[in-house]
Every structure is written in structure tokens, then in C-alpha cells.
Amino acid sequence: MHLFSAVPDIEADRAAGLATSATVLGTRGSLAVCAVLWSMSCYAAWALVGIPVALPAAMYPSAAVAVAFRPDHVARAYWYFPALNALAGFVLFVVAAAALVA
């Protein structure tokens with residue numbers, strides 16, 4: 001998430017002379033790293049807990065890939081991320097609650 005949130009600031013960070021992961025990797029490189037790491041996390045969730053947890057986790061790499069194809073939407077996607085986190089958290093809560101009741 002930190003790398004993803006740094007993508008909209010790449011130009012400002014470069015202008016300030018800051019060397020961050022995002023400035024070194026660039027927009028597409030940063031989004032690719034995010035997609036790979038989130039995909040690995042999604043796979044780990046599936047392997048350890050099962051598919052109900054992996055499904056909401058799949059939203060994260062999907063978002064990074066979608067934004068990579070539309071780099072002009074990076075700043076807008078950043079502001080939608082709190083809603084994505086809330087939705088994923090809600091789905092995980094419902095899945096956990098259903099598992100406890102069953």
C-alpha cells in the first residue's frame with residue numbers, strides 16, 4: 001500500500017530530488033510490483049485460509065493492473081482506495097462472522 005500511495009507523488013518527489021521506491025521504479029514499475037506482491041498475498045490467503053478470504057484480496061492486484069493500463073487515473077484510484085479497503089474489510093468480516101456462526 002505504501003508503494004501504491006507513493007505513485008501519485010512521483011513527479012513531485014523527483015522535482016524535490018527524493019529517491020523513493022516509486023521514483024526509482026516509475027509508475028508502471030511500481031504498479032507492477034504492487035500487483036505481484038498483492039497477488040502473492042492473495043495466493044497465501046487462499047493457501048492458508050481458503051477461497052473466501054482470497055476473493056476480496058484479489059481486488060488489490062486487480063486494481064493495480066487496471067491502473068497500470070490507465071496511468072492517467074493513478075491519482076483518482078488513490079482516492080478510491082479507502083473505499084476498496086472498507087469493502088474488502090466488510091466482506092472479510094461477513095465471511096468470518098458466517099464461519100463463526102456455522
# chains A, B, ... in the order shown; residues from 1 in each chain; ligands from 1
>>> residues_around(residues="region 25-40 of chain A", least_positions_apart="6", cutoff="7 Å", atoms="only C-alpha atoms", output="list in words")
Leu3, Phe4, Val7, Tyr60, Pro61, Ala64, Val65 and Ala68 of chain A
>>> select_by_dssp(residues="chain A", states="alpha helix (DSSP H)", output="ChimeraX atom specification")
/A:2-6,10-15,21-48,51-57,59-69,74-101
>>> write_last_selection(atoms="C-alpha atoms", output="PDB file, in the first residue's frame")
ATOM      1  CA  HIS A   2       2.842   2.390   0.743  1.00  0.00           C
ATOM      2  CA  LEU A   3       4.323   1.937  -2.723  1.00  0.00           C
ATOM      3  CA  PHE A   4       0.897   2.303  -4.329  1.00  0.00           C
ATOM      4  CA  SER A   5       0.230   5.500  -2.382  1.00  0.00           C
ATOM      5  CA  ALA A   6       3.595   6.922  -3.488  1.00  0.00           C
ATOM      6  CA  ILE A  10       6.391  10.536  -8.304  1.00  0.00           C
ATOM      7  CA  GLU A  11       6.728  13.810 -10.205  1.00  0.00           C
ATOM      8  CA  ALA A  12       6.760  15.937  -7.042  1.00  0.00           C
ATOM      9  CA  ASP A  13       9.279  13.636  -5.368  1.00  0.00           C
ATOM     10  CA  ARG A  14      11.539  13.710  -8.425  1.00  0.00           C
ATOM     11  CA  ALA A  15      11.310  17.508  -8.554  1.00  0.00           C
ATOM     12  CA  SER A  21      10.906   3.240  -4.466  1.00  0.00           C
ATOM     13  CA  ALA A  22       8.257   4.847  -6.663  1.00  0.00           C
ATOM     14  CA  THR A  23      10.638   7.358  -8.259  1.00  0.00           C
ATOM     15  CA  VAL A  24      13.156   4.615  -8.998  1.00  0.00           C
ATOM     16  CA  LEU A  25      10.606   2.140 -10.384  1.00  0.00           C
ATOM     17  CA  GLY A  26       8.389   4.680 -12.147  1.00  0.00           C
ATOM     18  CA  THR A  27       4.615   4.483 -12.440  1.00  0.00           C
ATOM     19  CA  ARG A  28       4.253   1.208 -14.306  1.00  0.00           C
ATOM     20  CA  GLY A  29       7.110  -0.468 -12.463  1.00  0.00           C
ATOM     21  CA  SER A  30       5.630   0.488  -9.098  1.00  0.00           C
ATOM     22  CA  LEU A  31       2.198  -0.738 -10.108  1.00  0.00           C
ATOM     23  CA  ALA A  32       3.701  -3.989 -11.402  1.00  0.00           C
ATOM     24  CA  VAL A  33       5.490  -4.564  -8.098  1.00  0.00           C
ATOM     25  CA  CYS A  34       2.250  -3.823  -6.236  1.00  0.00           C
ATOM     26  CA  ALA A  35       0.340  -6.283  -8.426  1.00  0.00           C
ATOM     27  CA  VAL A  36       2.949  -9.013  -7.931  1.00  0.00           C
ATOM     28  CA  LEU A  37       3.181  -8.560  -4.162  1.00  0.00           C
ATOM     29  CA  TRP A  38      -0.583  -8.334  -3.730  1.00  0.00           C
ATOM     30  CA  SER A  39      -1.003 -11.426  -5.929  1.00  0.00           C
ATOM     31  CA  MET A  40       1.433 -13.312  -3.712  1.00  0.00           C
ATOM     32  CA  SER A  41      -0.511 -12.164  -0.671  1.00  0.00           C
ATOM     33  CA  CYS A  42      -3.762 -13.260  -2.291  1.00  0.00           C
ATOM     34  CA  TYR A  43      -2.299 -16.676  -3.056  1.00  0.00           C
ATOM     35  CA  ALA A  44      -1.046 -17.003   0.533  1.00  0.00           C
ATOM     36  CA  ALA A  45      -4.512 -16.124   1.855  1.00  0.00           C
ATOM     37  CA  TRP A  46      -6.053 -18.752  -0.423  1.00  0.00           C
ATOM     38  CA  ALA A  47      -3.475 -21.396   0.532  1.00  0.00           C
ATOM     39  CA  LEU A  48      -3.695 -20.751   4.270  1.00  0.00           C
ATOM     40  CA  ILE A  51     -11.073 -19.072  -1.185  1.00  0.00           C
ATOM     41  CA  PRO A  52     -13.495 -16.857   0.819  1.00  0.00           C
ATOM     42  CA  VAL A  53     -10.570 -14.763   2.056  1.00  0.00           C
ATOM     43  CA  ALA A  54      -8.729 -14.784  -1.263  1.00  0.00           C
ATOM     44  CA  LEU A  55     -11.663 -13.361  -3.243  1.00  0.00           C
ATOM     45  CA  PRO A  56     -11.760  -9.920  -1.593  1.00  0.00           C
ATOM     46  CA  ALA A  57      -7.950  -9.918  -1.523  1.00  0.00           C
ATOM     47  CA  MET A  59      -9.377  -6.775  -5.622  1.00  0.00           C
ATOM     48  CA  TYR A  60      -5.960  -5.330  -4.795  1.00  0.00           C
ATOM     49  CA  PRO A  61      -3.828  -6.806  -7.591  1.00  0.00           C
ATOM     50  CA  SER A  62      -6.750  -6.242  -9.963  1.00  0.00           C
ATOM     51  CA  ALA A  63      -6.777  -2.555  -9.051  1.00  0.00           C
ATOM     52  CA  ALA A  64      -3.026  -2.213  -9.617  1.00  0.00           C
ATOM     53  CA  VAL A  65      -3.257  -3.903 -13.020  1.00  0.00           C
ATOM     54  CA  ALA A  66      -6.254  -1.785 -14.040  1.00  0.00           C
ATOM     55  CA  VAL A  67      -4.484   1.443 -13.108  1.00  0.00           C
ATOM     56  CA  ALA A  68      -1.297   0.328 -14.895  1.00  0.00           C
ATOM     57  CA  PHE A  69      -3.241   0.338 -18.148  1.00  0.00           C
ATOM     58  CA  VAL A  74      -3.463   6.896 -10.750  1.00  0.00           C
ATOM     59  CA  ALA A  75      -4.394   9.913  -8.634  1.00  0.00           C
ATOM     60  CA  ARG A  76      -8.111   9.132  -8.862  1.00  0.00           C
ATOM     61  CA  ALA A  77      -7.516   5.462  -7.987  1.00  0.00           C
ATOM     62  CA  TYR A  78      -5.564   6.539  -4.909  1.00  0.00           C
ATOM     63  CA  TRP A  79      -8.611   8.357  -3.557  1.00  0.00           C
ATOM     64  CA  TYR A  80     -10.852   5.330  -4.196  1.00  0.00           C
ATOM     65  CA  PHE A  81      -8.537   3.095  -2.197  1.00  0.00           C
ATOM     66  CA  PRO A  82     -10.158   3.818   1.198  1.00  0.00           C
ATOM     67  CA  ALA A  83     -13.476   2.621  -0.255  1.00  0.00           C
ATOM     68  CA  LEU A  84     -11.770  -0.518  -1.600  1.00  0.00           C
ATOM     69  CA  ASN A  85     -10.252  -1.167   1.831  1.00  0.00           C
ATOM     70  CA  ALA A  86     -13.624  -0.666   3.517  1.00  0.00           C
ATOM     71  CA  LEU A  87     -15.340  -3.011   1.061  1.00  0.00           C
ATOM     72  CA  ALA A  88     -12.667  -5.698   1.456  1.00  0.00           C
ATOM     73  CA  GLY A  89     -12.801  -5.370   5.242  1.00  0.00           C
ATOM     74  CA  PHE A  90     -16.584  -5.640   5.240  1.00  0.00           C
ATOM     75  CA  VAL A  91     -16.524  -8.747   3.048  1.00  0.00           C
ATOM     76  CA  LEU A  92     -13.866 -10.351   5.253  1.00  0.00           C
ATOM     77  CA  PHE A  93     -15.915  -9.514   8.359  1.00  0.00           C
ATOM     78  CA  VAL A  94     -19.035 -11.116   6.870  1.00  0.00           C
ATOM     79  CA  VAL A  95     -17.059 -14.217   5.850  1.00  0.00           C
ATOM     80  CA  ALA A  96     -15.525 -14.518   9.321  1.00  0.00           C
ATOM     81  CA  ALA A  97     -18.871 -13.971  11.034  1.00  0.00           C
ATOM     82  CA  ALA A  98     -20.526 -16.586   8.814  1.00  0.00           C
ATOM     83  CA  ALA A  99     -17.729 -19.057   9.616  1.00  0.00           C
ATOM     84  CA  LEU A 100     -18.182 -18.500  13.342  1.00  0.00           C
ATOM     85  CA  VAL A 101     -21.950 -18.974  13.159  1.00  0.00           C
TER      86      VAL A 101
END
